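**Q** The structure's right below; bear with me while I get my questions together.
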Amino acid sequence: MRAGHVCSVLASLVLLWLGVAAAQEATSWKTLSGKAPTIVAKGGFSGLFPDSSEDAYGFVQYASSPDTILYCDVRLTKDELGICLPDIKMDNCTDVAGIYAQGQKSYLVNGVPTSGWFSVDYNITELERVTLVRSISSRTPRFDSNSNPILAVEDVRSKFKPPGIWLNVQHDRFYRQFNLSMRNYIISVSKRVVINYISSPEVTFLTSVHGRVINKTKLVFRFLDESTLEPSMNKTYGSILKNLTFVKKFASGILVPKSYIWPTSSDNYLQPYTSVVDDAHKAGLEIYAADFANDFMLSYNHSYDPLAEYLSFIDNGAFSVDGLLSDFPVTPSEAIGCFANLNKSKTDHGKPLIISHNGASGDYPGCTDLAYQKAVDDGADVIDCPVQVTKDGVLVCMSSVNLMDDTTVARSQFASQTAVIKDIQSVRGVFTFNLTWDDIVKNLKPKISTPFTTYRLDRNPRYRNAGNFMRLSDFLDFTKDKDLSGIMISIEHAAFVAEELGFDIVDTVIKALGDAGYNNQTAQKVMIQSTNSSVLEKFKQQTKYDLVYMINEEVRDAAPSSLTDIKKFASAVSVDTGSIFPESHHFTMYKTNLVQKLQNAGLSVYVYTLMNEFVSQAYDFFSDATVQINWYVTAAGVDGLITEFPATARRYKLNNCMNMGNSTPVFMEPSRAGDLMQTIMTKSVQPPALAPMPPLTDSDVAEPPLPPARSNSIMFVVQAGHRTNLVLIKYSSPPVAD
């Protein structure tokens, strides 16, 4: 996976790409040239590895399209050699401060006093002791120990032989303070190395090299923040943007922050797109968009799906940029090669089955009318209702029996009714069976799930409490006329509900399905899911529904006896993501054989729960939910995806690179689980080995039959000062109303 290995397989990767490339050329793109947009890897695959390192540049050819351009931020050394570093301050991207502890200096950079370690104070021999580290502290530090040397511009060409090189030049005036000429260096290196693009935010620099580099080299004017002053003209970049005919005099293209094209509001929602792409094309300028990174905060409109963001710049029906500058070039490779110009009207309820998790609960509060409608609109094959019971015996769709999880009960008059019910959970809660249906709908609001608030990754805050609660009867009325292959009803705590509340949830669900006409139709299958075999066994005795056994722990294998038991009552199994690709410190370790074992036993396998937020994914998936889906479908072979973002899964099923066999492009071929850690990472910093996961055994599956619903008990909530308790009163005959 290091540079030598990557280069050795480049020829075969190019052959794999030919089919996709031909499809791209046949597509009518709204770029200036009419050709597919250019993919530019900023510092290589810098979203994962140290920017501008051998690892980062080498990995591009392994995990991105073979025509990807390698990008280098050029800095000058004391002996006037051009090197690739993402920051003018070396201490922000190398270990120089630990090597030359006394080397800190303070200089003016564009008129601003700046302290740090600078390349102008060292010659290339002195810098041989310095190695590259990550330049963004939130990214994994585990590749910092790979001793990646600082690379000269010539090294990028000779080591990786990319199809193109992009040099970005900033702070030309800074180097002139030290009698170093960036202009002379660029002119000189362009005679030794083919440079395809040269960009700079400085007008004077670009005009100084205009006409002095080969004609095939494209000069690109880089726009910084609109309010920032361009150093040589003393005009803001916003004002220069209004005069693109001036830019055309010395450049063939412009590079702009993506916010120039799709601005966002103060609360991070997309605003209408601007005319900047159309303006650039009218001026005869190509336009490239920058600042793409899968692990940065995206607009809420993109639902944490980086592929959706890329597509909004190249496949929106109105315009396309001419290139994309990204820290994760795998994702624009997917966008351009496989996901642009899809036939979105195509209906396909085949494998992998897309099963919602509380509806589209990544976009709206789960189990609300909005979440269910969004799931249907986004192409879910099956939408789900986790059934809970209220105090007055109404079945409701709610992700948890604890109202604290997905409603505003904590801010209501019912907040004092908290209690601990050890049969359900060890922490205090207010439960659905504490309140009537009227109590819930008249006093509470739904609450969107926020599993990653510790990372400040909120979900759709404008709709945090939007939508209406749904009874099971409402859900069944809603689903009848929808284009779905089925519905899934999830049932938990049935034994507790029967024994302690005197309510038979299984019989009540069966009756509700019958009343809604689901026993007399074949258009939509009914799926029942539970972690309790006793629940599924009772459904098996009374219905012909599809029964799904959910394994609610991570297991690496399944004993033959457990498979025999499951087959008695279920036709499918839901398994956790970690049971397929176990992780240590967010790196996959290996692939289990659980999916194959279950499928060989005749059981379909659904994986849960897929989410778009990059912090929910292993580093092997490159902070891209589509890569994660591809691993579970292609490498693991699951039959279904249980997801909070059905739109991402639906788009995956429509992609143009499905079923290409040996012609599948490299970026759509999952690598082997564990390779990222074991092949590239220095052994001393590899995550520790996992403790052995247990196999699923028959004792894990077997349960006594569900108890009958008791008719001689009633549960009361009793308030004593600040303490609330559930009190169960038993009696010899049914209570009489007083």
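Residue names in the structure tokens use chain letters A, B, ... in the order shown, residue numbers from 1 in each chain, and ligand numbers from 1 in the order shown.
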Would you kindly return, as a ChimeraX atom specification, each protein, DNA or RNA residue with an atom no farther than 9 Å from any atom of Arg222 of chain A, considering only C-alpha atoms and excluding same-chain residues fewer than 6 positions away?

**A** /A:168,199-202,253-257

**Q** For a quick check of understanding, using only C-alpha atoms, which of A:Ala290, A:Gly486, A:Ala709, A:Met90 has the smallest distance to Asp507 of chain A?

**A**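 Among the listed residues, the smallest separation from Asp507 of chain A belongs to A:Ala709.
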
**Q** As a ChimeraX atom specification, please: all residues of segment 343-518 of chain A that backbone DSSP puts in helix (DSSP H, G or I).

**A** /A:369-377,403-406,409-411,415-417,432-434,437-443,453-455,461-463,472-479,494-501,505-515,518

**Q** Dump as JSON lines the rows for residues of segment 76-185 of chain A within 12 Å of segment 324-339 of chain A: closest atom pair and distance in Å with one decimal, only C-alpha atoms counted, ordered by chain and rising residue number.

**A**
```
{"residue": "A:Pro86", "atom": "CA", "partner": "A:Asp327", "partner_atom": "CA", "distance": 11.5}
{"residue": "A:Ser135", "atom": "CA", "partner": "A:Asp327", "partner_atom": "CA", "distance": 11.7}
{"residue": "A:Ile136", "atom": "CA", "partner": "A:Asp327", "partner_atom": "CA", "distance": 11.2}
{"residue": "A:Arg139", "atom": "CA", "partner": "A:Asp327", "partner_atom": "CA", "distance": 11.7}
{"residue": "A:Trp166", "atom": "CA", "partner": "A:Leu325", "partner_atom": "CA", "distance": 10.4}
{"residue": "A:Asn168", "atom": "CA", "partner": "A:Leu325", "partner_atom": "CA", "distance": 11.8}
```

**Q** Here is a test: counting only C-alpha atoms, which residue of A:Gly116, A:Ala318, A:Thr207, A:Tyr288 is nearest to Lys30 of chain A?

**A**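 Ranked by minimum distance to Lys30 of chain A, first place goes to A:Ala318.
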
**Q** Find the residues of segment 671-715 of chain A that sit at most 10 Å from segment 624-642 of chain A; for each, write down the nearest two atoms and how far apart they are in Å, to one decimal. Count only C-alpha atoms. Sort by chain, then by number going up, and give it as CSV.

**A**
```
residue,atom,partner,partner_atom,distance
A:Ser671,CA,A:Trp631,CA,8.3
A:Arg672,CA,A:Ala635,CA,8.2
A:Ala673,CA,A:Ala635,CA,9.0
```

**Q** Leaving out Leu85 of chain A and any residue of its chain fewer than 6 positions from it, which residues lie within 7 Å of it when counting only C-alpha atoms, given as a list in words?

**A** Ser52, Asp73, Val74 and Arg75 of chain A

**Q** Could you tell me, as a PyMOL selection string, which residues of segment 535-673 of chain A DSSP assigns to strand (DSSP E) when given the backbone?

**A** chain A and resi 546-550+572-576+583-584+587-588+604-610+640-643

**Q** Need to verify the contact set: Ile261 of chain A, 12 Å, only C-alpha atoms, exclusion of same-chain residues closer than 5 positions in sequence. Can you return it as a ChimeraX atom specification?

**A** /A:241,255-256,270-280,287-291,309,312-314,319-321

**Q** Counting only C-alpha atoms, which residue out of A:Asp121, A:Lys216, A:Ala340, A:Asn519 sits closest to Ala36 of chain A?

**A**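 Ranking A:Asp121, A:Lys216, A:Ala340, A:Asn519 by distance to Ala36 of chain A, first place goes to A:Ala340.
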
**Q** Counting only C-alpha atoms, figure out which residue out of A:Ile421, A:Ala494, A:Met527, A:Val396 gets nearest to Ile383 of chain A.

**A**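 Under the stated criterion, the closest residue is A:Met527.
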
**Q** To one decimal place in Å, what is the distance between atom CA of Ser604 of chain A and atom CA of Leu563 of chain A?

**A**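 According to the coordinates, atom CA of Ser604 of chain A and atom CA of Leu563 of chain A are separated by 12.1 Å.
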
**Q** Excluding Phe614 of chain A and its own-chain neighbours fewer than 3 positions away, which residues fall within 7 Å of it when counting only C-alpha atoms? Please give them as a PyMOL selection string.

**A** chain A and resi 295+617+623-624

**Q** Please save all heavy atoms of the selected residues as a PDB file, in the first residue's frame.

**A**
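That gives us again_15.pdb:
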```pdb
ATOM      1  N   ASP A 295     -14.952  14.833   6.730  1.00  0.00           N
ATOM      2  CA  ASP A 295     -15.040  14.896   8.187  1.00  0.00           C
ATOM      3  C   ASP A 295     -15.175  16.326   8.695  1.00  0.00           C
ATOM      4  O   ASP A 295     -14.889  16.602   9.862  1.00  0.00           O
ATOM      5  CB  ASP A 295     -13.838  14.210   8.840  1.00  0.00           C
ATOM      6  CG  ASP A 295     -12.503  14.799   8.393  1.00  0.00           C
ATOM      7  OD1 ASP A 295     -12.490  15.639   7.472  1.00  0.00           O
ATOM      8  OD2 ASP A 295     -11.471  14.411   8.970  1.00  0.00           O
ATOM      9  N   GLN A 617     -18.468   5.782  11.958  1.00  0.00           N
ATOM     10  CA  GLN A 617     -17.875   4.853  10.998  1.00  0.00           C
ATOM     11  C   GLN A 617     -16.397   4.609  11.278  1.00  0.00           C
ATOM     12  O   GLN A 617     -15.694   5.488  11.792  1.00  0.00           O
ATOM     13  CB  GLN A 617     -18.025   5.423   9.575  1.00  0.00           C
ATOM     14  CG  GLN A 617     -19.455   5.687   9.170  1.00  0.00           C
ATOM     15  CD  GLN A 617     -19.579   6.753   8.118  1.00  0.00           C
ATOM     16  OE1 GLN A 617     -18.588   7.158   7.516  1.00  0.00           O
ATOM     17  NE2 GLN A 617     -20.783   7.254   7.904  1.00  0.00           N
ATOM     18  N   SER A 623     -14.843   8.233   6.164  1.00  0.00           N
ATOM     19  CA  SER A 623     -15.855   9.227   6.560  1.00  0.00           C
ATOM     20  C   SER A 623     -16.939   9.389   5.499  1.00  0.00           C
ATOM     21  O   SER A 623     -17.485  10.470   5.313  1.00  0.00           O
ATOM     22  CB  SER A 623     -15.191  10.587   6.848  1.00  0.00           C
ATOM     23  OG  SER A 623     -14.231  10.484   7.857  1.00  0.00           O
ATOM     24  N   ASP A 624     -17.277   8.305   4.828  1.00  0.00           N
ATOM     25  CA  ASP A 624     -18.213   8.320   3.701  1.00  0.00           C
ATOM     26  C   ASP A 624     -19.208   7.180   3.890  1.00  0.00           C
ATOM     27  O   ASP A 624     -18.844   6.003   3.805  1.00  0.00           O
ATOM     28  CB  ASP A 624     -17.429   8.154   2.389  1.00  0.00           C
ATOM     29  CG  ASP A 624     -18.303   8.212   1.150  1.00  0.00           C
ATOM     30  OD1 ASP A 624     -19.525   8.064   1.269  1.00  0.00           O
ATOM     31  OD2 ASP A 624     -17.753   8.387   0.050  1.00  0.00           O
TER      32      ASP A 624
END
```

**Q** Restricting the calculation to only C-alpha atoms, which member of A:Pro665, A:Tyr364, A:Asn468, A:Pro695 is positioned closest to Ala63 of chain A?

**A** A:Pro665

**Q** Enter the distance from atom CA of Asn92 of chain A to atom CA of Ser145 of chain A, in Å, rounded to one decimal.

**A**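 Answer for the atom CA of Asn92 of chain A to atom CA of Ser145 of chain A separation: 15.6 Å.
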
**Q** Quick one: residues within 9 Å of Phe431 of chain A, only C-alpha atoms counted, chain neighbours fewer than 6 positions away excluded, as JSON, numbers by chain?

**A** {"A": [390, 400, 401, 402, 403, 404, 417, 418, 419]}

**Q** List the spatial neighbours of segment 460-463 of chain A as a list in words - criterion: any atom at most 10 Å away, only C-alpha atoms, same-chain residues fewer than 5 positions off excluded.

**A** Asp267, Asn268, Tyr269, Ser299, Tyr300, Asn301, His302, Ser303, Gly362, Asp363, Tyr364, Pro365, Leu370, Pro446, Lys447, Ile448, Ser449 and Thr450 of chain A

**Q** Hey, which of A:Val220, A:Leu536, A:Leu484, A:Ile580 ends up closest to Leu706 of chain A? Count only C-alpha atoms.

**A**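 Of A:Val220, A:Leu536, A:Leu484, A:Ile580, the one nearest Leu706 of chain A, counting only C-alpha atoms, is A:Leu536.
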